[in-house]
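Following: one structure in structure tokens, then a few remarks.
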Amino acid sequence: MSQPQLNKKAPNFKLPATGDQTLSLADFKGKNLVIYFYPKDNTPGCTTESQDFRDQYKQFQKHNTEILGVSRDSVRTHENFRKKHEFPFDLLSDADEEMCKAFDVIKLKKLYGREYMGIERSTFLIDAQGKLKQEWRKVKVKGHVEEVLETVKAL
């Protein structure tokens, strides 16, 4: 599968989300959209990254930007994660990896000498016209959300 390309239409998606809803790219027409892919709810790096997006959420809103988090966890797990940390944005459940594959974030990973296919922490910025404007791959959590916000402000 090919990677999404900058300044081209972002891959479409339609997935179950928190708040008992199904969300698609079309639901965000006219708004910028930050989509961040993360490996697993309630793990240290993923929790910190999500909290950082939560803490800057009002700043993103001031710049007509919504945020979505995506992992392979179930909607039920997402609901608990979202409630526990008071995330003001929705989390999408990509159990079948359709969206993960469309954005090319499933990569070979290693943990304790074991290899497996998992989500590579990645973030994508889509503009109000649905075009991919920026991507961050192999994300390091510290300082990442601030960098994404600065890019949103420059749109």
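Residues in the structure tokens are named by chain (A, B, ... in the order shown) and by number from 1 within that chain; ligands are numbered from 1 in the order shown.
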task = Write out as number ranges by chain the residues lying within 8 Å of Asp127 of chain A, counting only C-alpha atoms and excluding same-chain residues fewer than 4 positions away.
result = A: 31-33, 131-133, 155
For the interface of segment 1-87 of chain A with segment 103-120 of chain A (cut-off 10 Å, counting only C-alpha atoms), please tabulate each contacting residue of segment 1-87 of chain A alongside its nearest pair of atoms and their separation in Å to one decimal, rows sorted by chain and increasing number, as a Markdown table.
| residue | atom | partner | partner_atom | distance |
| --- | --- | --- | --- | --- |
| A:Met1 | CA | A:Asp104 | CA | 7.2 |
| A:Ser2 | CA | A:Asp104 | CA | 7.2 |
| A:Gln3 | CA | A:Asp104 | CA | 5.5 |
| A:Pro4 | CA | A:Phe103 | CA | 5.9 |
| A:Gln5 | CA | A:Phe103 | CA | 9.5 |
| A:Ala10 | CA | A:Phe103 | CA | 8.5 |
| A:Pro11 | CA | A:Phe103 | CA | 6.9 |
| A:Asn12 | CA | A:Phe103 | CA | 9.6 |
| A:Phe13 | CA | A:Phe103 | CA | 10.0 |
| A:Phe37 | CA | A:Ile119 | CA | 7.1 |
| A:Tyr38 | CA | A:Ile119 | CA | 6.3 |
| A:Pro39 | CA | A:Ile119 | CA | 5.1 |
| A:Lys40 | CA | A:Ile119 | CA | 8.6 |
| A:Val70 | CA | A:Ile119 | CA | 9.7 |
| A:Ser71 | CA | A:Ile119 | CA | 7.6 |
| A:Arg72 | CA | A:Ile119 | CA | 8.4 |
task = Find the residues around segment 20-23 of chain A up to 10 Å (only C-alpha atoms counted), leave out those fewer than 5 positions away in its own chain, and share them as a ChimeraX atom specification.
result = /A:13-15,28,68,75-76,79,90-93
Selected residues written out, C-alpha atoms, as a PDB file, in the first residue's frame:
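As a result, selection34.pdb now contains:
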ATOM      1  CA  PHE A  13     -11.957   6.707   6.712  1.00  0.00           C
ATOM      2  CA  LYS A  14     -15.156   5.706   8.478  1.00  0.00           C
ATOM      3  CA  LEU A  15     -14.678   4.145  11.896  1.00  0.00           C
ATOM      4  CA  PHE A  28     -14.569  17.432   9.363  1.00  0.00           C
ATOM      5  CA  LEU A  68      -8.686  12.518  16.614  1.00  0.00           C
ATOM      6  CA  VAL A  75     -14.336   1.621  21.540  1.00  0.00           C
ATOM      7  CA  ARG A  76     -15.043   0.410  25.083  1.00  0.00           C
ATOM      8  CA  GLU A  79     -14.252   5.262  26.327  1.00  0.00           C
ATOM      9  CA  ASP A  90     -12.807  11.561  20.138  1.00  0.00           C
ATOM     10  CA  LEU A  91     -10.824   8.357  19.781  1.00  0.00           C
ATOM     11  CA  LEU A  92     -11.342   6.031  16.820  1.00  0.00           C
ATOM     12  CA  SER A  93     -11.189   2.247  17.024  1.00  0.00           C
TER      13      SER A  93
END
Near segment 48-57 of chain A, counting only C-alpha atoms, which residues have an atom at most 9 Å away, once you skip same-chain residues fewer than 5 positions from it, shown as an mmCIF file with C-alpha atoms, in the first residue's frame?
data_model
loop_
_atom_site.group_PDB
_atom_site.id
_atom_site.type_symbol
_atom_site.label_atom_id
_atom_site.label_comp_id
_atom_site.auth_asym_id
_atom_site.auth_seq_id
_atom_site.Cartn_x
_atom_site.Cartn_y
_atom_site.Cartn_z
ATOM 1 C CA TYR A 36 -2.573 10.945 15.725
ATOM 2 C CA TYR A 38 -0.723 5.607 18.852
ATOM 3 C CA THR A 43 0.461 2.943 28.219
ATOM 4 C CA LYS A 62 -8.769 28.626 18.130
ATOM 5 C CA THR A 65 -8.637 22.404 14.159
ATOM 6 C CA GLU A 66 -10.124 19.174 15.516
ATOM 7 C CA ILE A 67 -8.134 16.273 16.936
ATOM 8 C CA GLY A 69 -6.697 9.754 18.262
ATOM 9 C CA HIS A 85 -8.029 11.449 31.351
ATOM 10 C CA GLU A 86 -10.878 13.818 30.361
ATOM 11 C CA PHE A 87 -9.983 14.036 26.677
ATOM 12 C CA PRO A 88 -12.205 16.611 24.912
ATOM 13 C CA PHE A 89 -11.707 14.919 21.524
ATOM 14 C CA VAL A 141 6.313 12.341 22.508
ATOM 15 C CA LYS A 142 8.246 15.133 24.246
ATOM 16 C CA GLY A 143 7.583 18.444 22.465
ATOM 17 C CA HIS A 144 5.572 16.819 19.665
ATOM 18 C CA VAL A 145 2.206 18.446 20.334
ATOM 19 C CA GLU A 146 3.796 21.904 20.475
ATOM 20 C CA LEU A 149 0.353 23.291 17.047
#
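Nearest residue to Asp41 of chain A among A:Lys29, A:Asn64, A:Lys84, A:Gln59 is A:Lys84, counting only C-alpha atoms.
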Select from chain A everything DSSP, run on the backbone, classes as strand (DSSP E or B), then give the selection as a PDB file with C-alpha atoms, in the first residue's frame.
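Final output, saved to result-v8.pdb:
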ATOM      1  CA  LYS A   9      -6.431  14.258  -0.728  1.00  0.00           C
ATOM      2  CA  LYS A  14     -15.156   5.706   8.478  1.00  0.00           C
ATOM      3  CA  LEU A  15     -14.678   4.145  11.896  1.00  0.00           C
ATOM      4  CA  PRO A  16     -16.485   3.622  15.198  1.00  0.00           C
ATOM      5  CA  ALA A  17     -15.578   6.281  17.743  1.00  0.00           C
ATOM      6  CA  GLN A  21     -20.697   7.498  16.877  1.00  0.00           C
ATOM      7  CA  THR A  22     -19.086   6.650  13.567  1.00  0.00           C
ATOM      8  CA  LEU A  23     -16.759   9.308  12.185  1.00  0.00           C
ATOM      9  CA  SER A  24     -15.404   9.873   8.684  1.00  0.00           C
ATOM     10  CA  ASN A  32      -8.336  21.327   9.894  1.00  0.00           C
ATOM     11  CA  LEU A  33      -7.872  17.880  11.376  1.00  0.00           C
ATOM     12  CA  VAL A  34      -4.993  16.431  13.392  1.00  0.00           C
ATOM     13  CA  ILE A  35      -5.037  12.631  13.426  1.00  0.00           C
ATOM     14  CA  TYR A  36      -2.573  10.945  15.725  1.00  0.00           C
ATOM     15  CA  PHE A  37      -1.989   7.207  15.668  1.00  0.00           C
ATOM     16  CA  THR A  65      -8.637  22.404  14.159  1.00  0.00           C
ATOM     17  CA  GLU A  66     -10.124  19.174  15.516  1.00  0.00           C
ATOM     18  CA  ILE A  67      -8.134  16.273  16.936  1.00  0.00           C
ATOM     19  CA  LEU A  68      -8.686  12.518  16.614  1.00  0.00           C
ATOM     20  CA  GLY A  69      -6.697   9.754  18.262  1.00  0.00           C
ATOM     21  CA  VAL A  70      -6.543   6.339  16.570  1.00  0.00           C
ATOM     22  CA  SER A  71      -5.426   2.938  17.800  1.00  0.00           C
ATOM     23  CA  ASP A  90     -12.807  11.561  20.138  1.00  0.00           C
ATOM     24  CA  LEU A  91     -10.824   8.357  19.781  1.00  0.00           C
ATOM     25  CA  LEU A  92     -11.342   6.031  16.820  1.00  0.00           C
ATOM     26  CA  SER A  93     -11.189   2.247  17.024  1.00  0.00           C
ATOM     27  CA  ILE A 106       1.658  -0.449  10.609  1.00  0.00           C
ATOM     28  CA  LYS A 107       5.359  -1.238  10.862  1.00  0.00           C
ATOM     29  CA  LEU A 108       7.634  -4.038  12.041  1.00  0.00           C
ATOM     30  CA  LYS A 109       8.526  -3.303  15.656  1.00  0.00           C
ATOM     31  CA  LYS A 110      10.782  -4.970  18.209  1.00  0.00           C
ATOM     32  CA  LEU A 111      10.216  -5.340  21.936  1.00  0.00           C
ATOM     33  CA  ARG A 114      10.463 -10.102  19.796  1.00  0.00           C
ATOM     34  CA  GLU A 115       9.331  -8.793  16.402  1.00  0.00           C
ATOM     35  CA  TYR A 116       5.719  -7.935  15.665  1.00  0.00           C
ATOM     36  CA  MET A 117       3.604  -5.681  13.470  1.00  0.00           C
ATOM     37  CA  GLY A 118       2.336  -2.645  15.354  1.00  0.00           C
ATOM     38  CA  ILE A 119       1.378   1.000  15.083  1.00  0.00           C
ATOM     39  CA  SER A 122       2.511   9.014  13.736  1.00  0.00           C
ATOM     40  CA  THR A 123       0.577  12.259  13.337  1.00  0.00           C
ATOM     41  CA  PHE A 124      -1.060  13.754  10.250  1.00  0.00           C
ATOM     42  CA  LEU A 125      -2.379  17.263   9.617  1.00  0.00           C
ATOM     43  CA  ILE A 126      -5.209  17.581   7.112  1.00  0.00           C
ATOM     44  CA  LYS A 131      -5.603  17.671   1.816  1.00  0.00           C
ATOM     45  CA  LEU A 132      -2.697  16.190   3.744  1.00  0.00           C
ATOM     46  CA  LYS A 133      -0.473  19.135   4.721  1.00  0.00           C
ATOM     47  CA  GLN A 134       2.054  17.564   7.092  1.00  0.00           C
ATOM     48  CA  GLU A 135       3.025  14.211   8.536  1.00  0.00           C
ATOM     49  CA  TRP A 136       5.190  13.221  11.466  1.00  0.00           C
TER      50      TRP A 136
END
Can you pull out every residue from segment 11-52 of chain A that DSSP, working from the backbone, puts in helix (DSSP H, G or I), and format the result as a tab-separated table (two decimals) with all heavy atoms, in the first residue's frame?
chain	number	residue	atom	x	y	z
A	25	LEU	N	-13.85	11.18	7.39
A	25	LEU	CA	-13.15	12.41	7.00
A	25	LEU	C	-14.15	13.51	6.63
A	25	LEU	O	-13.96	14.67	6.98
A	25	LEU	CB	-12.20	12.11	5.83
A	25	LEU	CG	-11.33	13.26	5.35
A	25	LEU	CD1	-10.44	13.79	6.47
A	25	LEU	CD2	-10.46	12.82	4.17
A	26	ALA	N	-15.23	13.14	5.97
A	26	ALA	CA	-16.24	14.11	5.53
A	26	ALA	C	-16.86	14.89	6.70
A	26	ALA	O	-17.28	16.04	6.54
A	26	ALA	CB	-17.33	13.41	4.73
A	27	ASP	N	-16.88	14.29	7.89
A	27	ASP	CA	-17.46	14.95	9.06
A	27	ASP	C	-16.66	16.20	9.47
A	27	ASP	O	-17.15	17.01	10.26
A	27	ASP	CB	-17.51	14.00	10.26
A	27	ASP	CG	-18.47	12.84	10.03
A	27	ASP	OD1	-19.50	13.03	9.36
A	27	ASP	OD2	-18.17	11.73	10.52
A	28	PHE	N	-15.45	16.33	8.95
A	28	PHE	CA	-14.57	17.43	9.36
A	28	PHE	C	-14.32	18.44	8.24
A	28	PHE	O	-13.44	19.27	8.34
A	28	PHE	CB	-13.25	16.87	9.91
A	28	PHE	CG	-13.48	15.99	11.10
A	28	PHE	CD1	-13.64	14.62	10.94
A	28	PHE	CD2	-13.60	16.53	12.36
A	28	PHE	CE1	-13.90	13.81	12.04
A	28	PHE	CE2	-13.85	15.73	13.47
A	28	PHE	CZ	-14.01	14.36	13.30
A	44	PRO	N	2.32	4.34	29.01
A	44	PRO	CA	2.91	5.63	29.40
A	44	PRO	C	3.06	6.65	28.27
A	44	PRO	O	2.60	7.79	28.41
A	44	PRO	CB	4.28	5.23	29.97
A	44	PRO	CG	4.09	3.83	30.46
A	44	PRO	CD	3.12	3.20	29.50
A	45	GLY	N	3.68	6.27	27.16
A	45	GLY	CA	3.89	7.22	26.06
A	45	GLY	C	2.58	7.68	25.43
A	45	GLY	O	2.40	8.86	25.13
A	46	CYS	N	1.67	6.75	25.25
A	46	CYS	CA	0.38	7.07	24.62
A	46	CYS	C	-0.46	7.96	25.53
A	46	CYS	O	-1.14	8.87	25.06
A	46	CYS	CB	-0.37	5.79	24.27
A	46	CYS	SG	0.55	4.74	23.12
A	47	THR	N	-0.40	7.71	26.83
A	47	THR	CA	-1.13	8.54	27.78
A	47	THR	C	-0.56	9.96	27.78
A	47	THR	O	-1.32	10.94	27.69
A	47	THR	CB	-1.07	7.93	29.20
A	47	THR	OG1	-1.68	6.63	29.15
A	47	THR	CG2	-1.80	8.79	30.21
A	48	THR	N	0.76	10.08	27.83
A	48	THR	CA	1.39	11.41	27.83
A	48	THR	C	1.06	12.18	26.56
A	48	THR	O	0.69	13.36	26.61
A	48	THR	CB	2.92	11.27	27.99
A	48	THR	OG1	3.19	10.63	29.23
A	48	THR	CG2	3.61	12.63	27.97
A	49	GLU	N	1.17	11.52	25.41
A	49	GLU	CA	0.86	12.18	24.14
A	49	GLU	C	-0.59	12.66	24.12
A	49	GLU	O	-0.87	13.81	23.75
A	49	GLU	CB	1.12	11.23	22.97
A	49	GLU	CG	0.86	11.86	21.62
A	49	GLU	CD	1.10	10.92	20.45
A	49	GLU	OE1	1.05	9.68	20.63
A	49	GLU	OE2	1.35	11.43	19.34
A	50	SER	N	-1.51	11.81	24.53
A	50	SER	CA	-2.93	12.17	24.53
A	50	SER	C	-3.20	13.31	25.51
A	50	SER	O	-3.98	14.22	25.22
A	50	SER	CB	-3.78	10.94	24.87
A	50	SER	OG	-3.60	9.95	23.89
A	51	GLN	N	-2.55	13.28	26.68
A	51	GLN	CA	-2.71	14.37	27.65
A	51	GLN	C	-2.17	15.68	27.09
A	51	GLN	O	-2.76	16.74	27.32
A	51	GLN	CB	-2.01	14.02	28.96
A	51	GLN	CG	-2.71	12.93	29.73
A	51	GLN	CD	-1.89	12.42	30.91
A	51	GLN	OE1	-0.66	12.50	30.93
A	51	GLN	NE2	-2.58	11.89	31.91
A	52	ASP	N	-1.08	15.62	26.36
A	52	ASP	CA	-0.52	16.83	25.75
A	52	ASP	C	-1.50	17.43	24.73
A	52	ASP	O	-1.69	18.65	24.69
A	52	ASP	CB	0.83	16.54	25.08
A	52	ASP	CG	1.95	16.26	26.07
A	52	ASP	OD1	1.75	16.47	27.29
A	52	ASP	OD2	3.04	15.83	25.63
task = Tell me which of A:Thr151, A:Ser74, A:Asn80, A:Val139 sits closest to Asp94 of chain A, counting only C-alpha atoms.
result =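 Smallest separation from Asp94 of chain A among the options: A:Ser74.
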